[in-house]
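With mmCIF, C-alpha atoms and all ligand atoms inside, this is query.cif:
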data_final
#
loop_
_atom_site.label_atom_id
_atom_site.label_comp_id
_atom_site.auth_asym_id
_atom_site.auth_seq_id
_atom_site.Cartn_x
_atom_site.Cartn_y
_atom_site.Cartn_z
CA MET N 1 -18.72 36.57 -25.25
CA GLY N 2 -15.57 36.68 -27.37
CA VAL N 3 -15.92 40.48 -27.77
CA PHE N 4 -16.47 41.01 -24.02
CA GLY N 5 -13.42 38.89 -23.25
CA ARG N 6 -11.33 40.90 -25.72
CA VAL N 7 -12.45 44.21 -24.14
CA ILE N 8 -11.39 42.96 -20.70
CA MET N 9 -8.10 41.77 -22.18
CA LEU N 10 -7.41 45.22 -23.70
CA MET N 11 -8.04 46.83 -20.31
CA MET N 12 -5.67 44.48 -18.49
CA PRO N 13 -2.46 46.49 -18.96
CA ILE N 14 -4.09 49.57 -17.38
CA THR N 15 -5.83 47.67 -14.58
CA PRO N 16 -4.17 48.32 -11.18
CA LYS N 17 -2.18 45.33 -9.95
CA PHE N 18 -4.16 45.17 -6.69
CA ILE N 19 -7.34 44.44 -8.66
CA ILE N 20 -5.61 41.65 -10.61
CA ARG N 21 -4.34 40.29 -7.28
CA TRP N 22 -7.87 40.38 -5.82
CA VAL N 23 -9.20 38.38 -8.78
CA ALA N 24 -6.18 36.01 -8.92
CA ASN N 25 -6.62 35.22 -5.20
CA ARG N 26 -9.44 32.92 -6.12
CA TYR N 27 -7.47 30.94 -8.70
CA VAL N 28 -3.94 30.94 -7.28
CA ALA N 29 -3.23 29.43 -3.84
CA GLY N 30 -0.66 32.10 -2.97
CA PRO N 31 2.96 33.12 -3.52
CA ASP N 32 4.65 30.14 -1.82
CA LEU N 33 4.42 26.45 -0.93
CA GLU N 34 3.15 27.25 2.56
CA SER N 35 0.09 29.02 1.12
CA ALA N 36 -0.59 26.03 -1.15
CA LEU N 37 -0.47 23.72 1.90
CA VAL N 38 -2.98 25.91 3.74
CA VAL N 39 -5.41 25.77 0.79
CA MET N 40 -5.04 21.98 0.45
CA ARG N 41 -5.67 21.43 4.16
CA GLN N 42 -8.88 23.48 3.82
CA ILE N 43 -10.14 21.68 0.69
CA SER N 44 -9.23 18.16 1.93
CA ALA N 45 -12.42 18.21 3.97
CA GLN N 46 -14.39 18.42 0.69
CA GLY N 47 -13.23 14.93 -0.31
CA ALA N 48 -10.81 16.13 -2.99
CA CYS N 49 -7.21 15.23 -3.73
CA PHE N 50 -4.74 17.54 -5.45
CA THR N 51 -2.19 18.21 -8.12
CA VAL N 52 0.30 20.95 -7.29
CA ASP N 53 1.70 23.31 -9.92
CA VAL N 54 4.60 25.71 -9.37
CA LEU N 55 3.77 28.74 -11.52
CA GLY N 56 6.15 29.50 -14.36
CA GLU N 57 6.86 28.31 -17.88
CA GLU N 58 9.17 28.79 -20.89
CA ILE N 59 12.47 29.80 -19.33
CA THR N 60 15.09 31.70 -21.35
CA THR N 61 18.25 30.22 -19.81
CA LEU N 62 18.79 26.65 -18.61
CA ALA N 63 19.98 27.91 -15.22
CA GLU N 64 16.39 29.01 -14.51
CA ALA N 65 15.34 25.34 -14.55
CA ASP N 66 17.26 24.74 -11.31
CA PHE N 67 14.70 26.78 -9.42
CA PHE N 68 11.89 24.50 -10.61
CA VAL N 69 13.82 21.29 -9.91
CA GLU N 70 14.50 22.44 -6.34
CA GLU N 71 11.02 23.82 -5.73
CA TYR N 72 9.32 20.63 -6.96
CA ALA N 73 11.63 18.61 -4.69
CA ARG N 74 10.33 20.75 -1.79
CA VAL N 75 6.75 20.10 -2.92
CA LEU N 76 7.35 16.33 -2.96
CA ASP N 77 8.89 16.47 0.54
CA ALA N 78 5.90 18.48 1.79
CA ILE N 79 3.37 16.04 0.27
CA VAL N 80 5.08 13.19 2.10
CA ALA N 81 5.57 15.10 5.38
CA GLU N 82 1.92 16.24 5.45
CA GLY N 83 0.54 12.90 4.25
CA LEU N 84 -1.41 14.69 1.51
CA ASP N 85 -3.26 12.84 -1.24
CA ALA N 86 -1.51 14.88 -3.92
CA ASN N 87 0.65 14.61 -7.00
CA ILE N 88 2.45 17.22 -9.09
CA SER N 89 1.89 18.93 -12.44
CA LEU N 90 4.77 20.51 -14.26
CA LYS N 91 5.32 22.43 -17.48
CA PRO N 92 8.13 20.93 -19.58
CA THR N 93 9.20 24.32 -20.98
CA ALA N 94 10.02 25.43 -17.42
CA PHE N 95 12.61 22.63 -17.40
CA GLY N 96 14.22 23.74 -20.68
CA LEU N 97 12.30 21.74 -23.30
CA LEU N 98 12.54 24.57 -25.84
CA ILE N 99 16.22 25.24 -25.14
CA ASP N 100 17.88 21.83 -24.79
CA GLN N 101 15.71 18.74 -24.97
CA SER N 102 18.23 16.40 -23.33
CA ALA N 103 18.73 18.80 -20.41
CA ALA N 104 14.95 18.97 -19.96
CA VAL N 105 14.76 15.16 -19.97
CA ALA N 106 17.47 15.01 -17.29
CA ASN N 107 15.74 17.65 -15.13
CA ILE N 108 12.35 15.97 -15.38
CA GLU N 109 13.89 12.55 -14.73
CA ARG N 110 15.36 13.82 -11.43
CA ILE N 111 11.93 14.96 -10.26
CA THR N 112 10.15 11.86 -11.55
CA ARG N 113 12.65 9.55 -9.81
CA LYS N 114 12.21 11.35 -6.51
CA ALA N 115 8.44 11.19 -6.96
CA ALA N 116 8.63 7.44 -7.77
CA GLU N 117 10.55 6.77 -4.55
CA ASN N 118 7.53 8.17 -2.73
CA ASP N 119 4.81 6.61 -4.94
CA ILE N 120 3.78 10.01 -6.28
CA PHE N 121 2.54 10.60 -9.80
CA VAL N 122 3.95 13.30 -12.11
CA ARG N 123 1.76 14.97 -14.73
CA LEU N 124 3.34 16.86 -17.61
CA ASP N 125 0.96 19.71 -18.44
CA MET N 126 0.50 20.19 -22.18
CA GLU N 127 1.56 23.53 -23.59
CA ASP N 128 1.12 24.86 -27.14
CA HIS N 129 1.51 22.81 -30.35
CA ARG N 130 5.27 23.43 -30.58
CA VAL N 131 5.83 20.99 -27.74
CA THR N 132 3.04 18.42 -28.21
CA GLN N 133 5.29 15.70 -29.63
CA PRO N 134 8.34 16.45 -27.42
CA THR N 135 6.10 16.28 -24.33
CA ILE N 136 4.62 12.93 -25.37
CA ASP N 137 8.15 11.69 -26.15
CA LEU N 138 9.26 12.72 -22.66
CA VAL N 139 6.61 10.46 -21.15
CA THR N 140 7.51 7.44 -23.29
CA THR N 141 11.23 7.99 -22.59
CA MET N 142 10.58 7.95 -18.83
CA HIS N 143 8.52 4.75 -19.14
CA GLU N 144 11.37 3.17 -21.12
CA ARG N 145 13.57 4.04 -18.13
CA GLU N 146 11.08 2.18 -15.91
CA LEU N 147 9.61 5.35 -14.47
CA THR N 148 5.92 4.55 -14.95
CA ASN N 149 4.64 7.18 -12.50
CA ILE N 150 4.36 9.80 -15.25
CA GLY N 151 1.71 10.77 -17.78
CA THR N 152 0.72 13.78 -19.79
CA VAL N 153 -2.25 15.84 -20.94
CA LEU N 154 -3.92 15.63 -24.33
CA GLN N 155 -5.88 18.53 -25.77
CA ALA N 156 -9.07 17.37 -27.49
CA ARG N 157 -9.23 20.47 -29.69
CA LEU N 158 -6.15 19.22 -31.62
CA PHE N 159 -6.92 17.03 -34.66
CA ARG N 160 -4.01 14.74 -33.77
CA THR N 161 -5.36 13.72 -30.34
CA GLY N 162 -7.22 10.56 -31.45
CA GLU N 163 -4.00 9.21 -32.95
CA ASP N 164 -2.00 10.24 -29.87
CA ILE N 165 -4.38 8.26 -27.66
CA THR N 166 -4.01 5.19 -29.89
CA ASN N 167 -0.20 5.44 -29.89
CA LEU N 168 0.12 6.08 -26.15
CA SER N 169 -2.26 3.24 -25.28
CA GLU N 170 -0.34 0.85 -27.55
CA LYS N 171 3.02 1.86 -26.09
CA LEU N 172 2.12 2.13 -22.42
CA ALA N 173 -0.80 -0.33 -22.16
CA ASN N 174 -2.23 -0.26 -18.61
CA ASP N 175 0.42 2.24 -17.51
CA SER N 176 -1.16 4.89 -19.75
CA ASP N 177 -2.51 7.76 -17.63
CA VAL N 178 -3.88 10.74 -19.55
CA ARG N 179 -5.48 13.99 -18.44
CA ILE N 180 -7.91 14.91 -21.20
CA CYS N 181 -9.01 18.55 -21.56
CA LYS N 182 -10.25 20.85 -24.30
CA GLY N 183 -6.92 22.72 -24.51
CA ILE N 184 -6.44 26.30 -23.42
CA TYR N 185 -4.24 27.45 -26.31
CA LEU N 186 -6.19 28.86 -29.24
CA GLU N 187 -4.52 26.89 -32.01
CA SER N 188 -5.05 27.61 -35.72
CA GLU N 189 -7.83 25.95 -37.71
CA GLY N 190 -5.22 24.04 -39.71
CA ILE N 191 -4.48 21.84 -36.71
CA ALA N 192 -7.40 22.25 -34.32
CA HIS N 193 -11.15 22.53 -33.91
CA THR N 194 -12.09 26.13 -33.20
CA GLY N 195 -15.88 26.07 -32.58
CA TYR N 196 -17.34 25.35 -29.13
CA HIS N 197 -19.57 22.45 -30.27
CA GLN N 198 -16.83 20.74 -32.27
CA ILE N 199 -14.48 21.03 -29.28
CA VAL N 200 -17.05 19.52 -26.91
CA GLU N 201 -17.73 16.66 -29.35
CA ALA N 202 -13.99 16.04 -29.79
CA THR N 203 -13.51 16.03 -26.00
CA ASN N 204 -16.32 13.53 -25.48
CA ARG N 205 -14.95 11.29 -28.25
CA ALA N 206 -11.48 11.39 -26.66
CA ILE N 207 -12.91 10.46 -23.24
CA ASP N 208 -14.69 7.43 -24.78
CA GLN N 209 -11.54 6.41 -26.60
CA LEU N 210 -9.40 6.61 -23.46
CA LEU N 211 -11.89 4.63 -21.38
CA ASP N 212 -12.17 1.97 -24.09
CA ALA N 213 -8.37 1.75 -24.38
CA GLY N 214 -8.11 0.99 -20.64
CA SER N 215 -6.10 4.14 -19.94
CA TYR N 216 -6.45 5.85 -16.58
CA THR N 217 -8.60 8.82 -17.64
CA ALA N 218 -8.43 12.12 -15.82
CA ILE N 219 -11.37 14.18 -17.06
CA ALA N 220 -10.41 17.85 -16.74
CA SER N 221 -13.43 19.97 -17.54
CA HIS N 222 -15.92 22.24 -15.79
CA ASP N 223 -18.34 22.09 -18.70
CA MET N 224 -21.63 20.27 -18.04
CA PRO N 225 -21.98 18.74 -21.55
CA VAL N 226 -18.57 17.11 -21.01
CA ILE N 227 -19.24 16.09 -17.40
CA ASN N 228 -22.66 14.65 -18.22
CA HIS N 229 -21.27 12.77 -21.19
CA SER N 230 -18.50 11.37 -18.98
CA LEU N 231 -20.97 10.19 -16.34
CA ALA N 232 -23.02 8.40 -19.01
CA ALA N 233 -19.89 6.94 -20.62
CA LEU N 234 -18.69 5.61 -17.25
CA SER N 235 -22.04 4.10 -16.44
CA GLU N 236 -22.28 2.42 -19.91
CA ARG N 237 -18.91 0.78 -19.20
CA GLY N 238 -19.87 -0.37 -15.72
CA MET N 239 -17.50 2.14 -14.14
CA GLY N 240 -18.25 4.52 -11.31
CA PRO N 241 -18.36 4.71 -7.53
CA ASN N 242 -18.22 1.24 -5.98
CA LYS N 243 -17.81 -0.33 -9.43
CA SER N 244 -14.75 -1.11 -11.51
CA GLY N 245 -12.77 2.02 -12.20
CA GLU N 246 -13.11 3.26 -8.66
CA VAL N 247 -9.69 4.17 -7.36
CA GLY N 248 -8.82 3.73 -3.73
CA GLY N 249 -7.93 6.92 -1.89
CA SER N 250 -4.46 5.69 -1.01
CA LEU N 251 -3.35 5.04 -4.58
CA ARG N 252 -1.48 8.20 -5.38
CA ASN N 253 -0.06 7.39 -8.78
CA GLY N 254 -3.41 6.54 -10.34
CA LYS N 255 -2.37 3.50 -12.38
CA GLY N 256 -4.44 1.03 -14.36
CA PRO N 257 -7.88 1.52 -15.91
CA GLY N 258 -9.90 4.02 -13.93
CA TYR N 259 -10.89 7.66 -13.92
CA GLU N 260 -11.14 10.84 -11.93
CA PHE N 261 -12.55 14.31 -12.42
CA GLN N 262 -10.16 17.25 -12.24
CA MET N 263 -10.95 20.94 -11.82
CA LEU N 264 -8.99 24.14 -11.38
CA LEU N 265 -8.79 25.84 -8.00
CA GLY N 266 -11.59 28.39 -7.70
CA VAL N 267 -13.66 27.06 -10.60
CA ARG N 268 -17.09 25.44 -10.21
CA GLY N 269 -16.40 24.03 -6.77
CA ASN N 270 -20.11 23.32 -6.38
CA ILE N 271 -20.03 20.82 -9.27
CA ARG N 272 -16.81 19.27 -7.96
CA ARG N 273 -18.30 18.85 -4.47
CA ARG N 274 -21.42 17.25 -5.96
CA LEU N 275 -19.32 14.73 -7.91
CA ALA N 276 -17.31 13.95 -4.76
CA SER N 277 -20.48 13.46 -2.73
CA GLN N 278 -21.65 10.94 -5.37
CA GLY N 279 -18.45 8.99 -4.75
CA HIS N 280 -16.35 10.06 -7.73
CA ARG N 281 -12.69 10.78 -7.22
CA THR N 282 -12.09 14.52 -7.68
CA ARG N 283 -8.78 16.35 -7.91
CA VAL N 284 -8.12 20.09 -7.63
CA TYR N 285 -5.31 21.75 -9.57
CA ILE N 286 -3.44 24.00 -7.14
CA PRO N 287 -1.15 26.61 -8.75
CA TYR N 288 1.09 28.68 -6.53
CA GLY N 289 4.13 30.88 -6.92
CA SER N 290 5.52 34.36 -6.89
CA ARG N 291 4.87 34.69 -10.61
CA TRP N 292 1.08 34.82 -10.16
CA TYR N 293 0.83 38.18 -11.98
CA GLU N 294 2.63 37.02 -15.15
CA TYR N 295 0.66 33.74 -15.03
CA SER N 296 -2.70 35.53 -14.80
CA MET N 297 -1.85 37.99 -17.58
CA ARG N 298 -0.57 35.25 -19.89
CA ARG N 299 -3.66 33.05 -19.40
CA LEU N 300 -5.88 36.00 -20.23
CA ARG N 301 -3.88 36.93 -23.32
CA GLU N 302 -3.83 33.31 -24.52
CA ASN N 303 -7.53 32.80 -24.24
CA PRO N 304 -9.89 35.80 -23.88
CA ASP N 305 -12.72 33.40 -22.94
CA VAL N 306 -10.99 33.00 -19.56
CA ALA N 307 -11.58 36.74 -18.94
CA TRP N 308 -15.26 36.23 -19.68
CA HIS N 309 -15.48 33.21 -17.33
CA ILE N 310 -13.87 35.24 -14.54
CA ALA N 311 -16.12 38.26 -15.12
CA LYS N 312 -19.18 35.98 -15.16
CA SER N 313 -18.18 34.38 -11.84
CA ILE N 314 -18.03 37.87 -10.28
CA ILE N 315 -21.25 39.21 -11.86
CA MET N 316 -23.24 35.94 -11.60
CA PRO N 317 -21.64 34.08 -8.66
CA TRP N 318 -24.35 31.41 -8.61
CA THR N 319 -23.01 30.06 -11.97
CA ASN N 320 -19.55 29.36 -10.57
CA ARG N 321 -19.03 28.83 -6.84
CA ARG N 322 -15.54 28.61 -5.43
P1 LIG J 1 -15.50 25.89 -20.64
O1 LIG J 1 -14.34 26.75 -21.05
O2 LIG J 1 -16.69 25.86 -21.54
O3 LIG J 1 -15.90 26.23 -19.18
C1 LIG J 1 -17.10 25.76 -18.58
C2 LIG J 1 -17.42 26.68 -17.41
O4 LIG J 1 -16.41 26.54 -16.41
C3 LIG J 1 -17.42 28.17 -17.79
O5 LIG J 1 -18.68 28.59 -18.25
C4 LIG J 1 -17.02 28.82 -16.48
O6 LIG J 1 -18.14 28.95 -15.65
C5 LIG J 1 -16.08 27.82 -15.88
N1 LIG J 1 -14.66 28.09 -16.19
C6 LIG J 1 -13.86 27.39 -17.04
N2 LIG J 1 -12.59 27.87 -17.02
C7 LIG J 1 -12.59 28.89 -16.13
C8 LIG J 1 -11.60 29.79 -15.64
N3 LIG J 1 -10.33 29.71 -16.05
N4 LIG J 1 -11.97 30.72 -14.72
C9 LIG J 1 -13.25 30.80 -14.27
N5 LIG J 1 -14.22 29.97 -14.68
C10 LIG J 1 -13.91 29.03 -15.60
N6 LIG J 1 -5.23 23.08 -20.85
C11 LIG J 1 -4.10 22.85 -21.58
O7 LIG J 1 -4.00 23.27 -22.73
N7 LIG J 1 -3.08 22.13 -21.03
C12 LIG J 1 -3.14 21.61 -19.77
O8 LIG J 1 -2.20 20.97 -19.32
C13 LIG J 1 -4.32 21.85 -19.02
N8 LIG J 1 -4.45 21.38 -17.74
C14 LIG J 1 -5.65 21.50 -17.08
C15 LIG J 1 -5.82 20.91 -15.81
C16 LIG J 1 -7.05 20.96 -15.19
C17 LIG J 1 -7.23 20.29 -13.87
C18 LIG J 1 -8.14 21.63 -15.82
C19 LIG J 1 -9.49 21.66 -15.19
C20 LIG J 1 -7.96 22.25 -17.04
C21 LIG J 1 -6.73 22.21 -17.67
N9 LIG J 1 -6.52 22.84 -18.90
C22 LIG J 1 -5.35 22.60 -19.59
C23 LIG J 1 -7.49 23.84 -19.38
C24 LIG J 1 -8.53 23.24 -20.31
O9 LIG J 1 -7.92 22.86 -21.50
C25 LIG J 1 -9.64 24.26 -20.62
O10 LIG J 1 -9.08 25.39 -21.24
C26 LIG J 1 -10.41 24.72 -19.38
O11 LIG J 1 -10.66 23.67 -18.51
C27 LIG J 1 -11.75 25.32 -19.79
O12 LIG J 1 -12.52 24.36 -20.47
P2 LIG J 1 -13.81 23.63 -19.82
O13 LIG J 1 -13.84 22.24 -20.35
O14 LIG J 1 -13.78 23.78 -18.36
O15 LIG J 1 -15.04 24.35 -20.51
#
Here is the file; what I need is its structure written in the form of structure tokens.
Amino acid sequence: MGVFGRVIMLMMPITPKFIIRWVANRYVAGPDLESALVVMRQISAQGACFTVDVLGEEITTLAEADFFVEEYARVLDAIVAEGLDANISLKPTAFGLLIDQSAAVANIERITRKAAENDIFVRLDMEDHRVTQPTIDLVTTMHERELTNIGTVLQARLFRTGEDITNLSEKLANDSDVRICKGIYLESEGIAHTGYHQIVEATNRAIDQLLDAGSYTAIASHDMPVINHSLAALSERGMGPNKSGEVGGSLRNGKGPGYEFQMLLGVRGNIRRRLASQGHRTRVYIPYGSRWYEYSMRRLRENPDVAWHIAKSIIMPWTNRR
């Protein structure tokens, strides 16, 4: 699998752009906000809610952050105008986190304040290990400023994640809201698990820890061993559809103990629809933007397994329905 992914990755630079576009069409809503709105209107009927991501990350000059501040403001206005059950996901490095931390804090505060005025939650996506602590600090800083409609993502593959859950839960108590995922960045074995089974076990442990800590737990995985573990963990704790932990559809900022399942646009929609039909809250991650080509290429370079997943969904479509 790793070898096949690497072969695809080596072929990427010589693959015609129209082929990459054809493949990316499944995973990216389109080049602009209007295309994202079309996709969300279509998927709403499947009982899902959304988190919207404007494609782009790690800017080189602070001026580039203005684009993201303005575009996310447009997204928030559109969510309100369309009455969508949606929140936003943003990448702190697109707001200048690696250039000037205080400028990034100010940029993200502007967005978070506007979101708070409309009862919309803001999720800081987690990028590579260079920004793990600064991203967590951003969340606690916003909470100190009484902006509690913000949370981040923790990557279970990182050794530090158990401690991060403990610290966040202690600091934020019932306002803690964490998306837990395996982590897409292939970090070194000095700081992270690198084998599939260890990563799955670490993810399942982190889910248990979050649920036990009373954090709102957004389970972001398409992997059956993780989903099945989560279902059992919820049931053991008396959580699930029509039990405690069920979150009403109107609550957009997802506060207090509870859970939801999150999946990427275009990935394992059949499993997502099944969870929704069982009464679980499901959320689809909707990336859009003109930088779809750079985004696709970067994801593939970062993690060759993604290339294998995509190839498998084309060759064996029954394993991964849109
Ligand atoms: P796994 O990789 O084993 O995938 C299970 C199955 O799902 C595969 O066999 C395949 O069928 C399908 N699949 C998974 N990924 C696919 C893909 N890209 N294309 C096609 N099929 C795919 N990571 C991070 O570091 N920071 C973050 O902020 C986020 N945010 C985030 C949000 C949401 C909503 C999701 C679902 C995921 C993330 N991730 C992330 C990514 C996450 O860390 C992880 O890399 C992927 O979800 C893949 O891991 P799975 O648990 O799905 O298992």
### Task
Could you pull out the residues sitting within 8 Å of ligand LIG 1 (chain J), using only C-alpha atoms and all ligand atoms, and write them as a PyMOL selection string?
chain N and resi 27+51+91+124-128+152-155+179-185+196+200+219-224+226+262-264+266-268+283-285+305-310+312-313+319-320
Generate a file of the selected residues that holds C-alpha atoms, formatted as a PDB file, in the frame of the given file.
ATOM      1  CA  TYR N  27      -7.470  30.940  -8.700  1.00  0.00           C
ATOM      2  CA  THR N  51      -2.190  18.210  -8.120  1.00  0.00           C
ATOM      3  CA  LYS N  91       5.320  22.430 -17.480  1.00  0.00           C
ATOM      4  CA  LEU N 124       3.340  16.860 -17.610  1.00  0.00           C
ATOM      5  CA  ASP N 125       0.960  19.710 -18.440  1.00  0.00           C
ATOM      6  CA  MET N 126       0.500  20.190 -22.180  1.00  0.00           C
ATOM      7  CA  GLU N 127       1.560  23.530 -23.590  1.00  0.00           C
ATOM      8  CA  ASP N 128       1.120  24.860 -27.140  1.00  0.00           C
ATOM      9  CA  THR N 152       0.720  13.780 -19.790  1.00  0.00           C
ATOM     10  CA  VAL N 153      -2.250  15.840 -20.940  1.00  0.00           C
ATOM     11  CA  LEU N 154      -3.920  15.630 -24.330  1.00  0.00           C
ATOM     12  CA  GLN N 155      -5.880  18.530 -25.770  1.00  0.00           C
ATOM     13  CA  ARG N 179      -5.480  13.990 -18.440  1.00  0.00           C
ATOM     14  CA  ILE N 180      -7.910  14.910 -21.200  1.00  0.00           C
ATOM     15  CA  CYS N 181      -9.010  18.550 -21.560  1.00  0.00           C
ATOM     16  CA  LYS N 182     -10.250  20.850 -24.300  1.00  0.00           C
ATOM     17  CA  GLY N 183      -6.920  22.720 -24.510  1.00  0.00           C
ATOM     18  CA  ILE N 184      -6.440  26.300 -23.420  1.00  0.00           C
ATOM     19  CA  TYR N 185      -4.240  27.450 -26.310  1.00  0.00           C
ATOM     20  CA  TYR N 196     -17.340  25.350 -29.130  1.00  0.00           C
ATOM     21  CA  VAL N 200     -17.050  19.520 -26.910  1.00  0.00           C
ATOM     22  CA  ILE N 219     -11.370  14.180 -17.060  1.00  0.00           C
ATOM     23  CA  ALA N 220     -10.410  17.850 -16.740  1.00  0.00           C
ATOM     24  CA  SER N 221     -13.430  19.970 -17.540  1.00  0.00           C
ATOM     25  CA  HIS N 222     -15.920  22.240 -15.790  1.00  0.00           C
ATOM     26  CA  ASP N 223     -18.340  22.090 -18.700  1.00  0.00           C
ATOM     27  CA  MET N 224     -21.630  20.270 -18.040  1.00  0.00           C
ATOM     28  CA  VAL N 226     -18.570  17.110 -21.010  1.00  0.00           C
ATOM     29  CA  GLN N 262     -10.160  17.250 -12.240  1.00  0.00           C
ATOM     30  CA  MET N 263     -10.950  20.940 -11.820  1.00  0.00           C
ATOM     31  CA  LEU N 264      -8.990  24.140 -11.380  1.00  0.00           C
ATOM     32  CA  GLY N 266     -11.590  28.390  -7.700  1.00  0.00           C
ATOM     33  CA  VAL N 267     -13.660  27.060 -10.600  1.00  0.00           C
ATOM     34  CA  ARG N 268     -17.090  25.440 -10.210  1.00  0.00           C
ATOM     35  CA  ARG N 283      -8.780  16.350  -7.910  1.00  0.00           C
ATOM     36  CA  VAL N 284      -8.120  20.090  -7.630  1.00  0.00           C
ATOM     37  CA  TYR N 285      -5.310  21.750  -9.570  1.00  0.00           C
ATOM     38  CA  ASP N 305     -12.720  33.400 -22.940  1.00  0.00           C
ATOM     39  CA  VAL N 306     -10.990  33.000 -19.560  1.00  0.00           C
ATOM     40  CA  ALA N 307     -11.580  36.740 -18.940  1.00  0.00           C
ATOM     41  CA  TRP N 308     -15.260  36.230 -19.680  1.00  0.00           C
ATOM     42  CA  HIS N 309     -15.480  33.210 -17.330  1.00  0.00           C
ATOM     43  CA  ILE N 310     -13.870  35.240 -14.540  1.00  0.00           C
ATOM     44  CA  LYS N 312     -19.180  35.980 -15.160  1.00  0.00           C
ATOM     45  CA  SER N 313     -18.180  34.380 -11.840  1.00  0.00           C
ATOM     46  CA  THR N 319     -23.010  30.060 -11.970  1.00  0.00           C
ATOM     47  CA  ASN N 320     -19.550  29.360 -10.570  1.00  0.00           C
TER      48      ASN N 320
END
### Query
Quick one: distance from CA of Ile136 in chain N to CA of Asp100 in chain N in Å, one decimal?
16.0 Å
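The closest residue to Glu71 in chain N, picked from N:His129, N:Leu186, N:Val105, N:Gly289 and counting only C-alpha atoms, is N:Gly289.
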### For CA of Glu144 in chain N and CA of Pro257 in chain N, the interatomic separation in Å (one decimal)
20.0 Å
### Query
Closest to Glu109 in chain N among N:Ala94, N:Leu84, N:Leu37, N:Val69, using all atoms listed in the file?
N:Val69
